[in-house]
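> So that we are looking at the same thing, I have put the structure below in structure tokens.
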Amino acid sequence: MENLVGKKFSIVTENTMTISSRNATGVEVWEVKEIINEEKAKCELLDTNMSMYNGGYCREFYIELIEGYLNK
């Protein structure tokens, strides 16, 4: 589980509104920053085409979900 720290994963969302267009493919690139407990990890948004936020915006994800994205 600790080996997830530093790993990057992408979330792709179809038919979403991006900064520049509607009905586009949204992409978010996240990096695992720390393991909170055996179920959750804190991740930082590195890049996205869906909003102006990146670098410094953090969110918690379930580790099971992160592993699913990494195994795609």
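By order of appearance in the structure tokens: chains A, B, ..., then residues from 1 within every chain, and ligands from 1 in the order shown.
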Any idea what's packed within 10 Å of segment 23-26 of chain A, counting only C-alpha atoms, ignoring anything in its chain fewer than 3 positions away? Could you give it as an NGL selection string?

:A and (11-20 or 48-51)

> How about saving the chosen residues, all heavy atoms kept, as a CSV table (one decimal), in the first residue's frame?


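And here is the file that came out, result.csv:
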chain,number,residue,atom,x,y,z
A,11,ILE,N,-8.2,10.0,-14.6
A,11,ILE,CA,-9.6,9.7,-14.6
A,11,ILE,C,-10.2,10.4,-15.9
A,11,ILE,O,-10.0,11.6,-16.1
A,11,ILE,CB,-10.3,10.3,-13.3
A,11,ILE,CG1,-9.7,9.6,-12.1
A,11,ILE,CG2,-11.8,10.1,-13.4
A,11,ILE,CD1,-10.3,10.2,-10.8
A,12,VAL,N,-10.8,9.6,-16.7
A,12,VAL,CA,-11.4,10.1,-17.9
A,12,VAL,C,-12.9,10.1,-17.8
A,12,VAL,O,-13.5,9.1,-17.4
A,12,VAL,CB,-10.9,9.3,-19.1
A,12,VAL,CG1,-11.6,9.7,-20.4
A,12,VAL,CG2,-9.4,9.2,-19.3
A,13,THR,N,-13.5,11.3,-18.2
A,13,THR,CA,-15.0,11.4,-18.1
A,13,THR,C,-15.5,11.8,-19.5
A,13,THR,O,-15.0,12.8,-20.1
A,13,THR,CB,-15.4,12.5,-17.1
A,13,THR,OG1,-14.7,12.3,-15.9
A,13,THR,CG2,-16.8,12.6,-16.9
A,14,GLU,N,-16.4,11.0,-20.0
A,14,GLU,CA,-16.9,11.3,-21.4
A,14,GLU,C,-18.1,12.3,-21.3
A,14,GLU,O,-18.8,12.3,-20.2
A,14,GLU,CB,-17.4,10.0,-22.0
A,14,GLU,CG,-16.4,8.9,-22.2
A,14,GLU,CD,-15.3,9.3,-23.2
A,14,GLU,OE1,-15.6,10.1,-24.1
A,14,GLU,OE2,-14.2,8.9,-23.1
A,15,ASN,N,-18.3,13.0,-22.3
A,15,ASN,CA,-19.4,13.9,-22.5
A,15,ASN,C,-19.5,14.9,-21.3
A,15,ASN,O,-20.6,15.0,-20.6
A,15,ASN,CB,-20.7,13.2,-22.7
A,15,ASN,CG,-20.7,12.4,-23.9
A,15,ASN,OD1,-20.2,12.8,-24.9
A,15,ASN,ND2,-21.3,11.2,-23.9
A,16,THR,N,-18.5,15.6,-21.0
A,16,THR,CA,-18.5,16.6,-19.9
A,16,THR,C,-18.1,17.9,-20.4
A,16,THR,O,-17.6,18.1,-21.6
A,16,THR,CB,-17.5,16.1,-18.8
A,16,THR,OG1,-17.7,16.9,-17.7
A,16,THR,CG2,-16.1,16.2,-19.3
A,17,MET,N,-18.3,18.9,-19.6
A,17,MET,CA,-18.0,20.3,-20.0
A,17,MET,C,-16.5,20.6,-19.6
A,17,MET,O,-16.2,20.4,-18.4
A,17,MET,CB,-18.9,21.3,-19.4
A,17,MET,CG,-18.6,22.7,-19.9
A,17,MET,SD,-19.8,23.9,-19.2
A,17,MET,CE,-21.3,23.4,-19.9
A,18,THR,N,-15.7,21.0,-20.5
A,18,THR,CA,-14.3,21.3,-20.2
A,18,THR,C,-14.2,22.9,-20.2
A,18,THR,O,-15.2,23.6,-20.5
A,18,THR,CB,-13.3,20.7,-21.2
A,18,THR,OG1,-13.5,21.3,-22.5
A,18,THR,CG2,-13.5,19.2,-21.2
A,19,ILE,N,-13.0,23.4,-20.0
A,19,ILE,CA,-12.8,24.8,-20.0
A,19,ILE,C,-13.1,25.4,-21.4
A,19,ILE,O,-13.7,26.5,-21.5
A,19,ILE,CB,-11.3,25.2,-19.6
A,19,ILE,CG1,-11.0,24.7,-18.2
A,19,ILE,CG2,-11.1,26.7,-19.7
A,19,ILE,CD1,-9.6,24.8,-17.8
A,20,SER,N,-12.7,24.7,-22.4
A,20,SER,CA,-12.8,25.2,-23.8
A,20,SER,C,-14.0,24.7,-24.6
A,20,SER,O,-14.3,25.2,-25.6
A,20,SER,CB,-11.5,24.9,-24.5
A,20,SER,OG,-11.3,23.5,-24.6
A,48,THR,N,-5.7,19.1,-15.4
A,48,THR,CA,-7.1,18.8,-15.8
A,48,THR,C,-7.4,19.7,-16.9
A,48,THR,O,-6.9,20.8,-17.0
A,48,THR,CB,-8.1,18.9,-14.7
A,48,THR,OG1,-9.4,18.5,-15.2
A,48,THR,CG2,-8.1,20.3,-14.1
A,49,ASN,N,-8.4,19.3,-17.8
A,49,ASN,CA,-8.9,20.2,-18.8
A,49,ASN,C,-10.4,20.6,-18.4
A,49,ASN,O,-11.1,21.2,-19.2
A,49,ASN,CB,-8.9,19.6,-20.2
A,49,ASN,CG,-9.8,18.3,-20.3
A,49,ASN,OD1,-10.2,17.8,-19.3
A,49,ASN,ND2,-10.0,17.9,-21.5
A,50,MET,N,-10.8,20.3,-17.2
A,50,MET,CA,-12.2,20.5,-16.8
A,50,MET,C,-12.3,21.8,-15.9
A,50,MET,O,-13.4,22.2,-15.7
A,50,MET,CB,-12.8,19.3,-16.1
A,50,MET,CG,-12.9,18.1,-17.1
A,50,MET,SD,-13.9,16.8,-16.4
A,50,MET,CE,-13.0,16.3,-15.0
A,51,SER,N,-11.2,22.3,-15.3
A,51,SER,CA,-11.3,23.5,-14.5
A,51,SER,C,-10.0,24.1,-14.5
A,51,SER,O,-9.0,23.7,-15.0
A,51,SER,CB,-11.8,23.1,-13.1
A,51,SER,OG,-10.7,22.5,-12.4

> Hey, what does DSSP flag as strand (DSSP E) within chain A? Can you give it to me as number ranges by chain?

A: 8-16, 24-35, 40-48, 58-62

> Could you turn the residues from that selection into a file that holds C-alpha atoms, as an mmCIF file, in the first residue's frame?


data_model
loop_
_atom_site.group_PDB
_atom_site.id
_atom_site.type_symbol
_atom_site.label_atom_id
_atom_site.label_comp_id
_atom_site.auth_asym_id
_atom_site.auth_seq_id
_atom_site.Cartn_x
_atom_site.Cartn_y
_atom_site.Cartn_z
ATOM 1 C CA LYS A 8 -0.011 8.949 -10.919
ATOM 2 C CA PHE A 9 -3.372 7.946 -12.342
ATOM 3 C CA SER A 10 -5.858 9.465 -14.766
ATOM 4 C CA ILE A 11 -9.621 9.722 -14.603
ATOM 5 C CA VAL A 12 -11.390 10.118 -17.944
ATOM 6 C CA THR A 13 -14.971 11.406 -18.092
ATOM 7 C CA GLU A 14 -16.942 11.266 -21.353
ATOM 8 C CA ASN A 15 -19.417 13.941 -22.456
ATOM 9 C CA THR A 16 -18.478 16.553 -19.904
ATOM 10 C CA ALA A 24 -15.763 16.754 -24.588
ATOM 11 C CA THR A 25 -13.642 14.142 -22.899
ATOM 12 C CA GLY A 26 -12.569 15.342 -19.471
ATOM 13 C CA VAL A 27 -9.206 14.237 -18.123
ATOM 14 C CA GLU A 28 -7.857 14.589 -14.591
ATOM 15 C CA VAL A 29 -4.322 13.517 -13.631
ATOM 16 C CA TRP A 30 -3.834 12.790 -9.921
ATOM 17 C CA GLU A 31 -0.801 11.852 -7.827
ATOM 18 C CA VAL A 32 -0.976 9.888 -4.577
ATOM 19 C CA LYS A 33 0.596 12.084 -1.868
ATOM 20 C CA GLU A 34 0.052 10.081 1.307
ATOM 21 C CA ILE A 35 -1.753 7.063 2.680
ATOM 22 C CA LYS A 40 -8.055 6.021 1.853
ATOM 23 C CA ALA A 41 -5.240 8.057 0.328
ATOM 24 C CA LYS A 42 -4.759 11.796 -0.147
ATOM 25 C CA CYS A 43 -4.154 12.743 -3.789
ATOM 26 C CA GLU A 44 -3.186 15.996 -5.512
ATOM 27 C CA LEU A 45 -4.676 17.131 -8.818
ATOM 28 C CA LEU A 46 -1.733 17.669 -11.179
ATOM 29 C CA ASP A 47 -3.548 18.579 -14.386
ATOM 30 C CA THR A 48 -7.055 18.779 -15.827
ATOM 31 C CA CYS A 58 -6.150 17.727 -2.911
ATOM 32 C CA ARG A 59 -8.861 15.122 -2.444
ATOM 33 C CA GLU A 60 -9.240 11.756 -0.762
ATOM 34 C CA PHE A 61 -9.751 8.610 -2.816
ATOM 35 C CA TYR A 62 -10.411 5.047 -1.761
#

> How far is it from atom CA of Lys72 of chain A to atom CA of Gly56 of chain A, in Å with one decimal?

25.6 Å

> Between A:Glu39, A:Lys7, A:Arg22, A:Met52, which has the minimum distance to Leu65 of chain A (counting only C-alpha atoms)?

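Closest residue, counting only C-alpha atoms: A:Glu39.
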
> Name the residues of chain A that fall into alpha helix (DSSP H) according to DSSP on the backbone, using the chain letters and numbers of this document, as JSON, numbers by chain.

{"A": [63, 64, 65, 66, 67, 68, 69, 70]}

> Grab the residues selected above and save them as a tab-separated table (two decimals), in the first residue's frame with all heavy atoms.


chain	number	residue	atom	x	y	z
A	63	ILE	N	-8.44	3.63	-1.74
A	63	ILE	CA	-7.29	2.94	-2.31
A	63	ILE	C	-7.73	1.92	-3.35
A	63	ILE	O	-7.09	1.76	-4.39
A	63	ILE	CB	-6.45	2.29	-1.18
A	63	ILE	CG1	-5.76	3.41	-0.40
A	63	ILE	CG2	-5.45	1.28	-1.73
A	63	ILE	CD1	-5.03	2.99	0.83
A	64	GLU	N	-8.84	1.25	-3.11
A	64	GLU	CA	-9.37	0.28	-4.07
A	64	GLU	C	-9.64	0.94	-5.42
A	64	GLU	O	-9.36	0.39	-6.48
A	64	GLU	CB	-10.64	-0.34	-3.52
A	64	GLU	CG	-11.23	-1.42	-4.38
A	64	GLU	CD	-12.47	-2.05	-3.74
A	64	GLU	OE1	-12.72	-1.84	-2.53
A	64	GLU	OE2	-13.18	-2.75	-4.47
A	65	LEU	N	-10.17	2.16	-5.40
A	65	LEU	CA	-10.45	2.91	-6.63
A	65	LEU	C	-9.15	3.28	-7.34
A	65	LEU	O	-9.02	3.14	-8.56
A	65	LEU	CB	-11.26	4.17	-6.30
A	65	LEU	CG	-11.71	5.03	-7.46
A	65	LEU	CD1	-12.71	4.28	-8.33
A	65	LEU	CD2	-12.34	6.31	-6.96
A	66	ILE	N	-8.17	3.76	-6.57
A	66	ILE	CA	-6.86	4.12	-7.15
A	66	ILE	C	-6.23	2.91	-7.82
A	66	ILE	O	-5.74	3.00	-8.95
A	66	ILE	CB	-5.93	4.67	-6.05
A	66	ILE	CG1	-6.46	5.99	-5.50
A	66	ILE	CG2	-4.51	4.85	-6.60
A	66	ILE	CD1	-5.76	6.48	-4.26
A	67	GLU	N	-6.24	1.77	-7.14
A	67	GLU	CA	-5.65	0.57	-7.72
A	67	GLU	C	-6.37	0.16	-8.99
A	67	GLU	O	-5.75	-0.31	-9.94
A	67	GLU	CB	-5.67	-0.56	-6.68
A	67	GLU	CG	-4.68	-0.33	-5.56
A	67	GLU	CD	-4.78	-1.34	-4.43
A	67	GLU	OE1	-5.87	-1.97	-4.28
A	67	GLU	OE2	-3.83	-1.47	-3.68
A	68	GLY	N	-7.67	0.37	-9.06
A	68	GLY	CA	-8.43	0.08	-10.27
A	68	GLY	C	-7.99	0.96	-11.43
A	68	GLY	O	-7.83	0.48	-12.55
A	69	TYR	N	-7.77	2.24	-11.17
A	69	TYR	CA	-7.30	3.15	-12.22
A	69	TYR	C	-5.87	2.79	-12.66
A	69	TYR	O	-5.54	2.89	-13.83
A	69	TYR	CB	-7.34	4.61	-11.76
A	69	TYR	CG	-8.72	5.20	-11.77
A	69	TYR	CD1	-9.30	5.69	-10.61
A	69	TYR	CD2	-9.46	5.29	-12.95
A	69	TYR	CE1	-10.57	6.24	-10.61
A	69	TYR	CE2	-10.73	5.82	-12.97
A	69	TYR	CZ	-11.28	6.30	-11.79
A	69	TYR	OH	-12.53	6.84	-11.82
A	70	LEU	N	-5.02	2.41	-11.72
A	70	LEU	CA	-3.64	2.06	-12.05
A	70	LEU	C	-3.56	0.76	-12.84
A	70	LEU	O	-2.63	0.58	-13.64
A	70	LEU	CB	-2.81	1.92	-10.76
A	70	LEU	CG	-2.52	3.21	-10.02
A	70	LEU	CD1	-1.86	2.92	-8.68
A	70	LEU	CD2	-1.64	4.14	-10.86
